[in-house]
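Below is structure09.cif, which holds mmCIF, C-alpha atoms and all ligand atoms.
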```
data_final
loop_
_atom_site.label_atom_id
_atom_site.label_comp_id
_atom_site.auth_asym_id
_atom_site.auth_seq_id
_atom_site.Cartn_x
_atom_site.Cartn_y
_atom_site.Cartn_z
CA MET A 1 0.00 0.00 0.00
CA ILE A 2 1.29 3.47 -0.93
CA PRO A 3 1.44 5.52 2.32
CA PHE A 4 -1.25 8.23 2.67
CA ILE A 5 1.27 10.35 4.60
CA ASP A 6 4.86 9.04 4.79
CA LEU A 7 6.35 10.18 8.09
CA GLN A 8 9.01 7.47 7.94
CA ALA A 9 10.50 8.90 4.73
CA GLN A 10 10.79 12.24 6.50
CA ARG A 11 12.35 10.60 9.58
CA ALA A 12 14.95 8.90 7.38
CA ARG A 13 15.83 12.26 5.81
CA LEU A 14 16.16 13.96 9.21
CA GLY A 15 18.46 11.13 10.30
CA GLN A 16 20.77 11.11 13.30
CA PRO A 17 20.52 14.84 14.20
CA LEU A 18 16.82 14.35 15.02
CA GLU A 19 17.54 11.41 17.32
CA ASP A 20 20.47 13.32 18.89
CA ALA A 21 18.16 16.30 19.57
CA ILE A 22 15.69 14.05 21.40
CA LEU A 23 18.43 12.29 23.37
CA LYS A 24 19.91 15.66 24.36
CA VAL A 25 16.62 16.57 26.05
CA VAL A 26 16.40 13.15 27.72
CA ARG A 27 19.92 13.58 29.13
CA SER A 28 19.39 17.23 30.12
CA GLY A 29 16.49 16.50 32.44
CA ALA A 30 14.72 19.72 31.35
CA TYR A 31 11.59 17.90 30.22
CA ILE A 32 9.26 20.84 30.80
CA MET A 33 10.07 24.39 29.63
CA GLY A 34 13.60 23.46 28.65
CA PRO A 35 15.64 25.87 26.49
CA GLU A 36 14.28 24.32 23.26
CA ILE A 37 10.85 25.81 24.06
CA ALA A 38 12.05 29.43 23.95
CA GLU A 39 14.14 28.71 20.85
CA LEU A 40 11.15 27.15 19.10
CA GLU A 41 8.96 30.15 19.98
CA ARG A 42 11.63 32.47 18.58
CA GLN A 43 11.81 30.48 15.34
CA LEU A 44 8.02 30.27 15.00
CA CYS A 45 7.89 34.09 15.14
CA ALA A 46 10.52 34.34 12.42
CA PHE A 47 8.89 31.70 10.22
CA GLY A 48 5.31 32.89 10.68
CA GLN A 49 6.01 36.65 10.41
CA ALA A 50 4.55 37.18 13.91
CA PRO A 51 5.79 39.39 16.76
CA TYR A 52 4.88 36.79 19.43
CA ALA A 53 4.57 33.00 19.52
CA LEU A 54 3.48 30.75 22.37
CA SER A 55 3.95 26.99 22.27
CA CYS A 56 1.17 24.99 23.91
CA GLY A 57 -0.25 21.52 24.42
CA SER A 58 -2.30 21.05 21.23
CA GLY A 59 -4.01 22.79 18.34
CA THR A 60 -7.29 22.55 20.27
CA GLU A 61 -5.85 24.35 23.30
CA ALA A 62 -4.27 26.89 20.94
CA LEU A 63 -7.87 27.88 20.02
CA VAL A 64 -9.16 27.83 23.60
CA LEU A 65 -6.35 30.02 25.01
CA PRO A 66 -7.14 33.19 22.98
CA LEU A 67 -10.88 32.79 23.64
CA MET A 68 -10.06 32.69 27.37
CA ALA A 69 -7.72 35.66 27.04
CA TRP A 70 -10.49 37.74 25.45
CA GLY A 71 -12.90 36.68 28.19
CA ILE A 72 -15.25 35.02 25.70
CA GLY A 73 -17.82 32.85 27.50
CA PRO A 74 -21.53 32.19 28.09
CA GLY A 75 -23.81 34.36 25.93
CA ASP A 76 -21.09 35.00 23.34
CA ALA A 77 -21.08 33.88 19.70
CA VAL A 78 -17.98 32.86 17.73
CA PHE A 79 -18.47 32.28 13.98
CA CYS A 80 -16.70 29.41 12.21
CA PRO A 81 -17.11 27.02 9.28
CA SER A 82 -18.91 23.71 9.74
CA PHE A 83 -16.76 22.03 7.07
CA THR A 84 -13.70 21.56 9.32
CA PHE A 85 -12.23 19.30 11.99
CA ALA A 86 -14.38 19.23 15.15
CA ALA A 87 -11.74 21.01 17.26
CA THR A 88 -12.44 24.34 15.50
CA ALA A 89 -16.01 24.40 16.86
CA GLU A 90 -15.26 22.58 20.12
CA ALA A 91 -13.19 25.48 21.43
CA MET A 92 -16.37 27.56 21.94
CA PRO A 93 -18.39 25.21 24.20
CA LEU A 94 -15.16 24.56 26.12
CA VAL A 95 -15.29 28.22 27.29
CA GLY A 96 -19.10 28.27 27.53
CA ALA A 97 -19.64 30.21 24.29
CA ALA A 98 -21.68 29.19 21.21
CA PRO A 99 -20.27 28.37 17.78
CA VAL A 100 -22.32 29.85 14.93
CA PHE A 101 -21.80 27.89 11.72
CA VAL A 102 -21.11 29.69 8.44
CA ASP A 103 -21.10 28.33 4.88
CA ILE A 104 -18.01 27.92 2.70
CA ASP A 105 -16.81 29.03 -0.70
CA PRO A 106 -17.45 26.19 -3.21
CA ALA A 107 -14.03 26.62 -4.87
CA THR A 108 -11.69 26.83 -1.85
CA TYR A 109 -13.82 25.14 0.89
CA ASN A 110 -12.95 28.09 3.15
CA LEU A 111 -15.20 30.52 5.03
CA ASP A 112 -17.55 32.44 2.72
CA PRO A 113 -17.40 36.15 3.68
CA VAL A 114 -20.97 36.76 2.41
CA SER A 115 -22.42 33.94 4.53
CA LEU A 116 -20.30 35.20 7.45
CA ASP A 117 -21.69 38.74 7.22
CA ALA A 118 -25.27 37.39 6.97
CA ALA A 119 -24.74 35.13 10.01
CA ILE A 120 -23.40 38.02 12.11
CA GLU A 121 -26.33 40.27 11.09
CA ALA A 122 -28.81 37.50 11.97
CA VAL A 123 -27.28 36.90 15.42
CA LYS A 124 -27.34 40.64 16.10
CA ARG A 125 -31.00 40.90 14.99
CA GLU A 126 -32.03 38.00 17.18
CA GLY A 127 -30.27 39.56 20.16
CA LYS A 128 -29.74 36.36 22.17
CA LEU A 129 -25.99 36.02 21.66
CA THR A 130 -23.28 38.68 21.48
CA PRO A 131 -20.94 38.32 18.47
CA LYS A 132 -17.32 38.36 19.67
CA ALA A 133 -14.99 36.61 17.23
CA VAL A 134 -14.56 34.71 13.97
CA ILE A 135 -12.43 31.62 13.36
CA ALA A 136 -11.34 31.21 9.74
CA VAL A 137 -9.82 27.83 8.83
CA ASP A 138 -7.11 27.26 6.22
CA LEU A 139 -8.74 23.99 5.21
CA PHE A 140 -6.54 21.35 3.57
CA GLY A 141 -3.63 23.83 3.79
CA GLY A 142 -4.91 26.65 1.57
CA PRO A 143 -5.35 30.21 2.89
CA ALA A 144 -8.85 31.57 3.53
CA ASP A 145 -9.97 34.83 1.88
CA TYR A 146 -8.41 36.93 4.65
CA PRO A 147 -8.82 40.42 3.14
CA ALA A 148 -12.59 39.90 2.77
CA ILE A 149 -13.02 38.08 6.10
CA ALA A 150 -10.97 40.69 7.98
CA ALA A 151 -13.13 43.45 6.44
CA VAL A 152 -16.30 41.76 7.75
CA CYS A 153 -14.69 41.40 11.20
CA LYS A 154 -13.70 45.05 11.20
CA LYS A 155 -17.19 46.17 10.17
CA HIS A 156 -18.71 44.32 13.14
CA GLY A 157 -15.86 44.90 15.64
CA LEU A 158 -14.98 41.20 15.96
CA LYS A 159 -11.66 39.49 16.70
CA LEU A 160 -10.28 37.19 14.00
CA ILE A 161 -8.50 33.89 14.64
CA SER A 162 -6.81 32.01 11.80
CA ASP A 163 -7.07 28.28 12.62
CA SER A 164 -4.03 27.27 10.59
CA ALA A 165 -3.69 23.75 12.03
CA GLN A 166 -3.69 22.42 8.46
CA GLY A 167 -2.28 25.54 6.84
CA PHE A 168 0.69 26.65 8.93
CA GLY A 169 3.14 28.10 6.42
CA CYS A 170 0.50 29.03 3.82
CA THR A 171 0.57 32.55 2.44
CA LEU A 172 -1.65 34.98 0.57
CA ASP A 173 0.08 37.63 -1.54
CA GLY A 174 3.28 36.64 0.28
CA GLN A 175 1.79 37.32 3.73
CA HIS A 176 1.04 34.79 6.46
CA PRO A 177 -2.54 34.82 7.87
CA ILE A 178 -1.42 36.80 10.95
CA HIS A 179 -1.09 39.80 8.63
CA TRP A 180 -4.93 39.98 8.71
CA ALA A 181 -5.82 37.95 11.81
CA ASP A 182 -5.41 38.97 15.46
CA VAL A 183 -4.21 35.47 16.24
CA THR A 184 -2.99 32.47 14.25
CA THR A 185 -3.23 29.05 15.86
CA THR A 186 -1.69 25.81 14.71
CA SER A 187 -1.38 22.14 15.63
CA PHE A 188 1.74 20.01 15.60
CA PHE A 189 -0.17 16.70 15.57
CA PRO A 190 2.14 14.31 13.66
CA ALA A 191 0.07 14.20 10.44
CA LYS A 192 -0.16 18.00 10.03
CA PRO A 193 2.23 19.62 7.54
CA LEU A 194 4.48 20.66 10.45
CA GLY A 195 4.07 17.91 13.04
CA CYS A 196 5.97 16.74 16.11
CA TYR A 197 6.11 13.23 17.64
CA GLY A 198 3.07 13.65 19.87
CA ASP A 199 0.65 16.48 20.62
CA GLY A 200 1.56 20.14 20.44
CA GLY A 201 0.31 23.49 19.22
CA ALA A 202 1.10 27.20 19.03
CA VAL A 203 -0.56 30.62 19.22
CA LEU A 204 0.95 33.45 17.18
CA SER A 205 -0.11 36.98 18.10
CA LYS A 206 0.77 40.64 17.70
CA ASP A 207 0.37 42.38 21.07
CA GLU A 208 2.73 42.04 24.05
CA GLY A 209 0.03 42.36 26.71
CA PHE A 210 -2.12 39.76 24.99
CA HIS A 211 0.83 37.37 24.64
CA ASP A 212 1.63 37.78 28.36
CA LEU A 213 -1.96 36.86 29.16
CA LEU A 214 -1.55 33.67 27.08
CA VAL A 215 1.69 32.91 28.97
CA SER A 216 -0.26 33.17 32.23
CA LEU A 217 -3.22 31.11 31.03
CA ARG A 218 -0.92 28.36 29.72
CA VAL A 219 0.31 27.68 33.26
CA HIS A 220 -2.65 27.90 35.66
CA GLY A 221 -3.11 31.67 35.50
CA GLN A 222 0.31 32.29 37.04
CA ALA A 223 1.24 35.92 37.69
CA VAL A 224 3.18 37.45 34.81
CA LYS A 225 5.18 40.67 34.57
CA SER A 226 2.19 43.00 34.29
CA ASP A 227 0.52 41.36 37.31
CA ILE A 228 3.42 41.97 39.69
CA VAL A 229 5.02 45.17 38.44
CA GLY A 230 5.16 47.80 41.20
CA LYS A 231 3.80 45.40 43.86
CA THR A 232 5.54 43.65 46.75
CA PHE A 233 4.87 40.09 47.91
CA GLU A 234 5.41 38.09 51.07
CA HIS A 235 5.88 34.91 49.03
CA ASP A 236 7.47 34.03 45.67
CA PRO A 237 5.06 35.46 43.06
CA LYS A 238 5.73 32.32 40.99
CA TYR A 239 2.97 30.68 43.04
CA LEU A 240 0.60 33.61 42.74
CA ASN A 241 -2.32 32.53 40.55
CA VAL A 242 -4.26 35.58 39.48
CA ARG A 243 -6.70 34.06 36.96
CA ILE A 244 -8.21 30.71 36.01
CA GLY A 245 -5.94 29.09 33.45
CA MET A 246 -4.96 25.54 32.61
CA ASN A 247 -1.91 23.39 31.93
CA SER A 248 -1.07 23.62 28.25
CA ARG A 249 2.71 23.35 28.17
CA MET A 250 4.43 21.69 25.23
CA ASP A 251 6.98 19.00 26.15
CA THR A 252 10.60 20.03 25.57
CA ILE A 253 11.16 16.85 23.51
CA GLN A 254 8.47 17.97 21.06
CA ALA A 255 10.11 21.39 20.71
CA ALA A 256 13.42 19.64 19.94
CA VAL A 257 11.71 17.59 17.21
CA LEU A 258 10.08 20.70 15.73
CA LEU A 259 13.39 22.61 15.64
CA GLU A 260 14.84 19.85 13.44
CA LYS A 261 11.74 19.74 11.24
CA LEU A 262 11.65 23.53 10.77
CA LYS A 263 15.07 23.28 9.04
CA ILE A 264 13.48 21.40 6.12
CA PHE A 265 9.94 22.79 6.27
CA GLU A 266 10.30 25.39 3.48
CA ASP A 267 11.78 22.71 1.24
CA GLU A 268 8.94 20.34 2.12
CA ILE A 269 6.33 22.99 1.27
CA ALA A 270 7.97 23.37 -2.15
CA ALA A 271 7.92 19.57 -2.60
CA ARG A 272 4.23 19.43 -1.60
CA ASN A 273 3.49 22.06 -4.25
CA ARG A 274 5.34 20.02 -6.88
CA VAL A 275 3.24 16.98 -5.97
CA ALA A 276 0.05 19.09 -6.13
CA ASP A 277 1.03 20.47 -9.56
CA ARG A 278 1.60 16.95 -10.90
CA TYR A 279 -1.80 15.81 -9.61
CA ALA A 280 -3.45 18.83 -11.29
CA GLN A 281 -1.70 18.03 -14.59
CA GLY A 282 -2.67 14.36 -14.41
CA LEU A 283 -6.25 14.76 -13.21
CA GLY A 284 -7.42 18.29 -13.99
CA ASP A 285 -9.38 17.27 -17.11
CA ILE A 286 -11.43 14.47 -15.49
CA VAL A 287 -12.13 15.40 -11.84
CA LYS A 288 -12.41 18.67 -9.89
CA THR A 289 -8.90 19.35 -8.60
CA PRO A 290 -8.38 21.85 -5.73
CA THR A 291 -8.58 25.62 -6.13
CA VAL A 292 -6.28 27.78 -4.01
CA GLN A 293 -7.39 31.35 -3.16
CA ALA A 294 -6.01 33.72 -5.84
CA GLY A 295 -2.55 34.92 -4.77
CA GLY A 296 -2.27 32.08 -2.27
CA VAL A 297 0.26 29.32 -1.68
CA SER A 298 -1.11 26.18 -0.02
CA VAL A 299 0.93 23.84 2.17
CA TRP A 300 -1.27 20.93 0.99
CA ALA A 301 -2.19 19.20 4.22
CA GLN A 302 -4.58 17.29 1.96
CA TYR A 303 -5.06 16.93 -1.79
CA THR A 304 -8.83 16.77 -2.14
CA ILE A 305 -10.75 16.10 -5.34
CA GLU A 306 -14.41 15.82 -6.34
CA VAL A 307 -15.70 13.12 -8.69
CA PRO A 308 -18.10 14.57 -11.32
CA LYS A 309 -21.83 13.80 -10.92
CA ASP A 310 -22.04 11.74 -14.12
CA VAL A 311 -19.42 9.23 -12.96
CA GLN A 312 -21.35 6.21 -11.69
CA GLY A 313 -20.66 5.21 -8.07
CA GLY A 314 -18.85 8.53 -7.57
CA ARG A 315 -16.73 9.03 -4.50
CA ASP A 316 -18.18 6.05 -2.65
CA ASP A 317 -16.96 3.57 -5.26
CA LEU A 318 -13.70 5.38 -6.06
CA GLY A 319 -12.22 4.72 -2.58
CA PRO A 320 -12.57 0.90 -2.72
CA ALA A 321 -11.51 0.84 -6.41
CA LEU A 322 -8.27 2.67 -5.59
CA ARG A 323 -7.64 0.45 -2.57
CA GLU A 324 -7.53 -2.53 -4.95
CA HIS A 325 -4.56 -0.81 -6.62
CA GLY A 326 -2.86 -0.23 -3.24
CA VAL A 327 -3.92 3.43 -3.09
CA PRO A 328 -5.40 4.64 0.22
CA THR A 329 -7.90 7.53 0.32
CA ALA A 330 -9.73 9.40 3.08
CA VAL A 331 -12.87 11.51 3.31
CA TYR A 332 -12.47 14.84 5.14
CA TYR A 333 -15.16 15.48 6.28
CA PRO A 334 -18.17 13.21 5.69
CA ILE A 335 -20.39 14.82 8.38
CA PRO A 336 -20.31 18.62 8.72
CA ILE A 337 -20.00 19.70 12.37
CA HIS A 338 -23.47 21.29 12.51
CA LYS A 339 -24.94 17.87 11.60
CA GLN A 340 -23.18 16.10 14.50
CA GLY A 341 -25.60 15.46 17.37
CA VAL A 342 -23.87 17.49 20.07
CA TYR A 343 -23.49 20.53 17.79
CA SER A 344 -26.93 20.43 16.17
CA GLY A 345 -28.44 22.91 18.65
CA TYR A 346 -26.13 25.78 17.69
CA PRO A 347 -27.14 28.44 15.14
CA VAL A 348 -26.24 28.33 11.45
CA ALA A 349 -26.09 31.14 8.87
CA PRO A 350 -29.44 32.24 7.36
CA GLY A 351 -30.57 29.83 4.65
CA GLY A 352 -28.53 26.96 6.10
CA LEU A 353 -25.24 25.67 4.76
CA PRO A 354 -26.01 24.28 1.28
CA VAL A 355 -22.41 24.38 0.00
CA THR A 356 -21.07 22.64 3.13
CA GLN A 357 -23.75 19.99 2.81
CA ALA A 358 -23.01 19.34 -0.87
CA LYS A 359 -19.23 19.20 -0.45
CA ALA A 360 -19.41 16.75 2.48
CA GLY A 361 -21.02 14.28 0.08
CA LYS A 362 -18.47 14.73 -2.71
CA VAL A 363 -14.90 15.21 -1.51
CA ILE A 364 -12.19 12.55 -1.32
CA SER A 365 -8.53 13.05 -0.44
CA LEU A 366 -5.54 11.36 -2.11
CA PRO A 367 -2.10 10.44 -0.74
CA MET A 368 -0.17 13.70 -0.19
CA HIS A 369 3.23 14.26 1.37
CA PRO A 370 6.57 15.76 0.28
CA TYR A 371 8.13 12.35 -0.38
CA LEU A 372 5.51 10.90 -2.76
CA LYS A 373 7.48 9.21 -5.55
CA GLU A 374 6.64 10.10 -9.15
CA ASP A 375 6.09 6.39 -10.00
CA ASP A 376 3.61 6.03 -7.15
CA GLN A 377 1.85 9.23 -8.14
CA ASP A 378 1.61 8.07 -11.76
CA LEU A 379 0.01 4.84 -10.53
CA ILE A 380 -2.54 6.83 -8.45
CA VAL A 381 -3.38 9.08 -11.40
CA ALA A 382 -3.73 6.09 -13.78
CA ALA A 383 -6.03 4.25 -11.36
CA ILE A 384 -8.31 7.32 -11.02
CA ARG A 385 -8.38 7.85 -14.80
CA ALA A 386 -9.28 4.18 -15.33
CA PHE A 387 -12.13 4.40 -12.76
CA VAL A 388 -13.61 7.56 -14.29
CA LYS A 389 -13.38 6.18 -17.83
CA LYS A 390 -15.00 2.87 -16.88
CA ASN A 391 -17.93 4.52 -15.05
CA ASN A 392 -18.60 7.45 -17.32
C1 LIG B 401 -6.02 19.14 13.78
C2 LIG B 401 -6.87 20.35 13.83
C3 LIG B 401 -7.13 21.01 15.04
C4 LIG B 401 -6.76 20.46 16.39
O1 LIG B 401 -5.44 20.17 16.61
P1 LIG B 401 -5.00 19.13 17.74
O2 LIG B 401 -3.53 19.39 17.88
O3 LIG B 401 -5.31 17.77 17.25
O4 LIG B 401 -5.72 19.47 19.00
C5 LIG B 401 -7.86 22.19 15.00
N1 LIG B 401 -8.33 22.68 13.84
C6 LIG B 401 -8.12 22.06 12.66
C7 LIG B 401 -8.66 22.67 11.41
C8 LIG B 401 -7.39 20.87 12.62
O5 LIG B 401 -7.21 20.25 11.45
#
```
How does this structure look as structure tokens?
Ligand SMILES: *Cc1c(COP(=O)(O)O)cnc(C)c1O
Amino acid sequence: MIPFIDLQAQRARLGQPLEDAILKVVRSGAYIMGPEIAELERQLCAFGQAPYALSCGSGTEALVLPLMAWGIGPGDAVFCPSFTFAATAEAMPLVGAAPVFVDIDPATYNLDPVSLDAAIEAVKREGKLTPKAVIAVDLFGGPADYPAIAAVCKKHGLKLISDSAQGFGCTLDGQHPIHWADVTTTSFFPAKPLGCYGDGGAVLSKDEGFHDLLVSLRVHGQAVKSDIVGKTFEHDPKYLNVRIGMNSRMDTIQAAVLLEKLKIFEDEIAARNRVADRYAQGLGDIVKTPTVQAGGVSVWAQYTIEVPKDVQGGRDDLGPALREHGVPTAVYYPIPIHKQGVYSGYPVAPGGLPVTQAKAGKVISLPMHPYLKEDDQDLIVAAIRAFVKKNN
């Protein structure tokens, strides 16, 4: 079977230095908040064009932390797509707030600014929830329409989070999402474009006071500089907890892994784009290949196609047919979040989410990683062409 994502090929390329970096942490004893953490945060700032970066426990907690920092909670609405991984929407109930689901653009699968504006207007009219923030998702690695989304946020006075768990490293007109967003979050889950060897995440932001608040929230609401400046204490202020936070530290070992992976990440993004270009050349005339936002560069977390309506069996038969040729596929995402039982009580944009609904029934993702061999890719393309021809 051709690997869907080949982390072992990457590990072989990283070689001994990666294993040495892990062993160094093991021998140092600095398992939590070791020096690799600060170095990683410095490099994430440089890579992501952000003034501040905070490492944390996961991509999910990376979304929860800024919501906590803004004091978003019960009675508040945060707008997000329904065509995404559950964690995007889960962050809101975790702080007591409500997700409001917005439809997507049919070409890019990312947040539709028109549906977003209509959803915000509707929530305001109804007057039950207070709009506070928007989470745009760089689905499958491609940037959302940030200029348009940021304009809607500005019009309504809302904060903007870029959930770049799948898209960390993507750009639009040469800018990373933080150029438009107040906050960019990402996940270092192993299968993401930039992954570690366990769970991890990061929050990129632009304002020192806000970043300090995240630092405090990451470790149980501990007092930070601004909490203690000009005050005197009977005890070490290290154990002064001035707000309700959590434990969302990243392990030092994971930071060490990420520092090694960052060295080759730009090169891997280029390789992913070469693979995507070859897929488009091989398949563009027979299936719907992905569209990236104009001016954008995707990091291709997934390569997702749609089988045309007139192909018998469609997506549901294509998966098993490819498997017979040793080609794995995956469907992201078969059930939109607003159709999942626990989320079905939350509001959706006026008129429902027809594009989301349609896409959930059509999309299928192909093997995608920087180390996909041309021979293997040719086999995948040939198998898809044969299926479409046979069933057309
Ligand atoms: C993976 C993912 C997350 C959550 O990241 P974890 O590190 O698994 O918690 C959030 N949003 C999106 C869009 C994701 O793909």
Could you give me, as a tab-separated table, every chain A residue with an atom at most 7 Å from ligand LIG 401 (chain B), plus its closest atom pair and distance in Å to one decimal, counting all atoms listed in the file, rows ordered by chain then number?
```
residue	atom	partner	partner_atom	distance
A:Ser58	CA	B:LIG401	O2	3.9
A:Gly59	CA	B:LIG401	O1	3.4
A:Thr60	CA	B:LIG401	O4	3.7
A:Glu61	CA	B:LIG401	O4	6.5
A:Thr84	CA	B:LIG401	C7	5.6
A:Phe85	CA	B:LIG401	C7	4.9
A:Ala87	CA	B:LIG401	C5	4.6
A:Thr88	CA	B:LIG401	N1	4.7
A:Val137	CA	B:LIG401	C7	5.9
A:Leu139	CA	B:LIG401	C7	6.3
A:Asp163	CA	B:LIG401	N1	5.9
A:Ser164	CA	B:LIG401	C7	6.6
A:Ala165	CA	B:LIG401	C8	4.7
A:Gln166	CA	B:LIG401	O5	5.1
A:Ser187	CA	B:LIG401	O2	4.2
A:Phe188	CA	B:LIG401	O2	5.8
A:Phe189	CA	B:LIG401	O2	4.9
A:Asp199	CA	B:LIG401	O2	5.8
A:Gly200	CA	B:LIG401	O2	5.7
A:Gly201	CA	B:LIG401	O2	5.8
```
Check your understanding: Could you pull the residues within 12 Å of Arg323 in chain A, counting all atoms listed in the file, minus those fewer than 2 positions along the same chain, as number ranges by chain?
Key -> A: 1-4, 316-321, 325-330, 366-367, 379-380, 383-384, 387
Filtering to C-alpha atoms, could you give me those residues as a PDB file, in the coordinates of the input?
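Output (result_34.pdb):
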```pdb
ATOM      1  CA  MET A   1       0.000   0.000   0.000  1.00  0.00           C
ATOM      2  CA  ILE A   2       1.290   3.470  -0.930  1.00  0.00           C
ATOM      3  CA  PRO A   3       1.440   5.520   2.320  1.00  0.00           C
ATOM      4  CA  PHE A   4      -1.250   8.230   2.670  1.00  0.00           C
ATOM      5  CA  ASP A 316     -18.180   6.050  -2.650  1.00  0.00           C
ATOM      6  CA  ASP A 317     -16.960   3.570  -5.260  1.00  0.00           C
ATOM      7  CA  LEU A 318     -13.700   5.380  -6.060  1.00  0.00           C
ATOM      8  CA  GLY A 319     -12.220   4.720  -2.580  1.00  0.00           C
ATOM      9  CA  PRO A 320     -12.570   0.900  -2.720  1.00  0.00           C
ATOM     10  CA  ALA A 321     -11.510   0.840  -6.410  1.00  0.00           C
ATOM     11  CA  HIS A 325      -4.560  -0.810  -6.620  1.00  0.00           C
ATOM     12  CA  GLY A 326      -2.860  -0.230  -3.240  1.00  0.00           C
ATOM     13  CA  VAL A 327      -3.920   3.430  -3.090  1.00  0.00           C
ATOM     14  CA  PRO A 328      -5.400   4.640   0.220  1.00  0.00           C
ATOM     15  CA  THR A 329      -7.900   7.530   0.320  1.00  0.00           C
ATOM     16  CA  ALA A 330      -9.730   9.400   3.080  1.00  0.00           C
ATOM     17  CA  LEU A 366      -5.540  11.360  -2.110  1.00  0.00           C
ATOM     18  CA  PRO A 367      -2.100  10.440  -0.740  1.00  0.00           C
ATOM     19  CA  LEU A 379       0.010   4.840 -10.530  1.00  0.00           C
ATOM     20  CA  ILE A 380      -2.540   6.830  -8.450  1.00  0.00           C
ATOM     21  CA  ALA A 383      -6.030   4.250 -11.360  1.00  0.00           C
ATOM     22  CA  ILE A 384      -8.310   7.320 -11.020  1.00  0.00           C
ATOM     23  CA  PHE A 387     -12.130   4.400 -12.760  1.00  0.00           C
TER      24      PHE A 387
END
```
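Closest approach to Asn273 in chain A from the set A:Met68, A:Leu160, A:Ala119, A:Leu372 is made by A:Leu372, with distances taken over all atoms listed in the file.
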Review point. Within 7 Å of Leu217 in chain A, counting all atoms listed in the file, which residues qualify if same-chain residues fewer than 4 places away don't, as a VMD selection string?
Key: chain A and resid 65 213 221 245 to 246
Check your understanding: Which one is closest to Phe168 in chain A: A:Gln340, A:Gln49, A:Thr356, A:Ser28? Count only C-alpha atoms.
Key -> A:Gln49
Point to revise | Selected residue, from A:Ser216, A:Ser82, A:Thr186, A:Gln312, that lies nearest to Leu111 in chain A when counting only C-alpha atoms | key: A:Ser82
Point to revise | Lys288 in chain A surroundings by only C-alpha atoms, 7 Å radius, close-in-sequence under 3 positions cut, as a ChimeraX atom specification | key: /A:284,305-307
Based on the selection just made, write C-alpha atoms of those residues as a CSV table (one decimal), in the coordinates of the input.
```csv
chain,number,residue,atom,x,y,z
A,284,GLY,CA,-7.4,18.3,-14.0
A,305,ILE,CA,-10.8,16.1,-5.3
A,306,GLU,CA,-14.4,15.8,-6.3
A,307,VAL,CA,-15.7,13.1,-8.7
```
Exercise for review: Excluding range 269-271 of chain A and residues on its chain fewer than 5 positions from it, collect all residues at most 10 Å away from it, counting only C-alpha atoms, and give them as a list in words.
Suggested key: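 Listed by chain and then number, they are Gly169, Cys170, Pro193, Leu194, Ile264, Ala276, Asp277, Val297, Ser298, Val299, Trp300, Ala301, His369, Pro370, Tyr371 and Leu372 of chain A.
Between CA of Leu158 in chain A and CA of Ala133 in chain A the interatomic distance comes to 4.8 Å.
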Exercise for review: Find the residues near Tyr52 in chain A: any atom within 7 Å, counting only C-alpha atoms, skip ones fewer than 2 places away on the same chain, and give them as a list of chain:residue names.
Suggested key: A:Cys45, A:Ala50, A:Leu54, A:Leu204, A:Ser205, A:Lys206, A:His211
Exercise for review: Counting all atoms listed in the file, find the residues whose atoms lie at most 10 Å from (-21.1, 20.2, 1.8) (file coordinates) and write them out as a list in words.
Suggested key: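 Residues with an atom at most 10 Å from (-21.1, 20.2, 1.8): Ser82, Phe83, Asp103, Ile104, Pro106, Tyr109, Tyr333, Pro334, Ile335, Pro336, Leu353, Pro354, Val355, Thr356, Gln357, Ala358, Lys359, Ala360, Gly361, Lys362 and Val363 of chain A.
For the pair CA of Pro308 in chain A and CA of Asp105 in chain A, the interatomic distance is 18.0 Å.
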**Study point:** From A:Gly282, A:Gly313, A:Gly141, A:Pro113, residue lying nearest Ala349 in chain A [only C-alpha atoms]
**Key:**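 For Ala349 in chain A, the nearest of the candidates is A:Pro113.
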**Study point:** Option closest in space to Gln281 in chain A, from A:Ala46, A:Val123, A:Ala386, A:Val381 [counting only C-alpha atoms]
**Key:** A:Val381
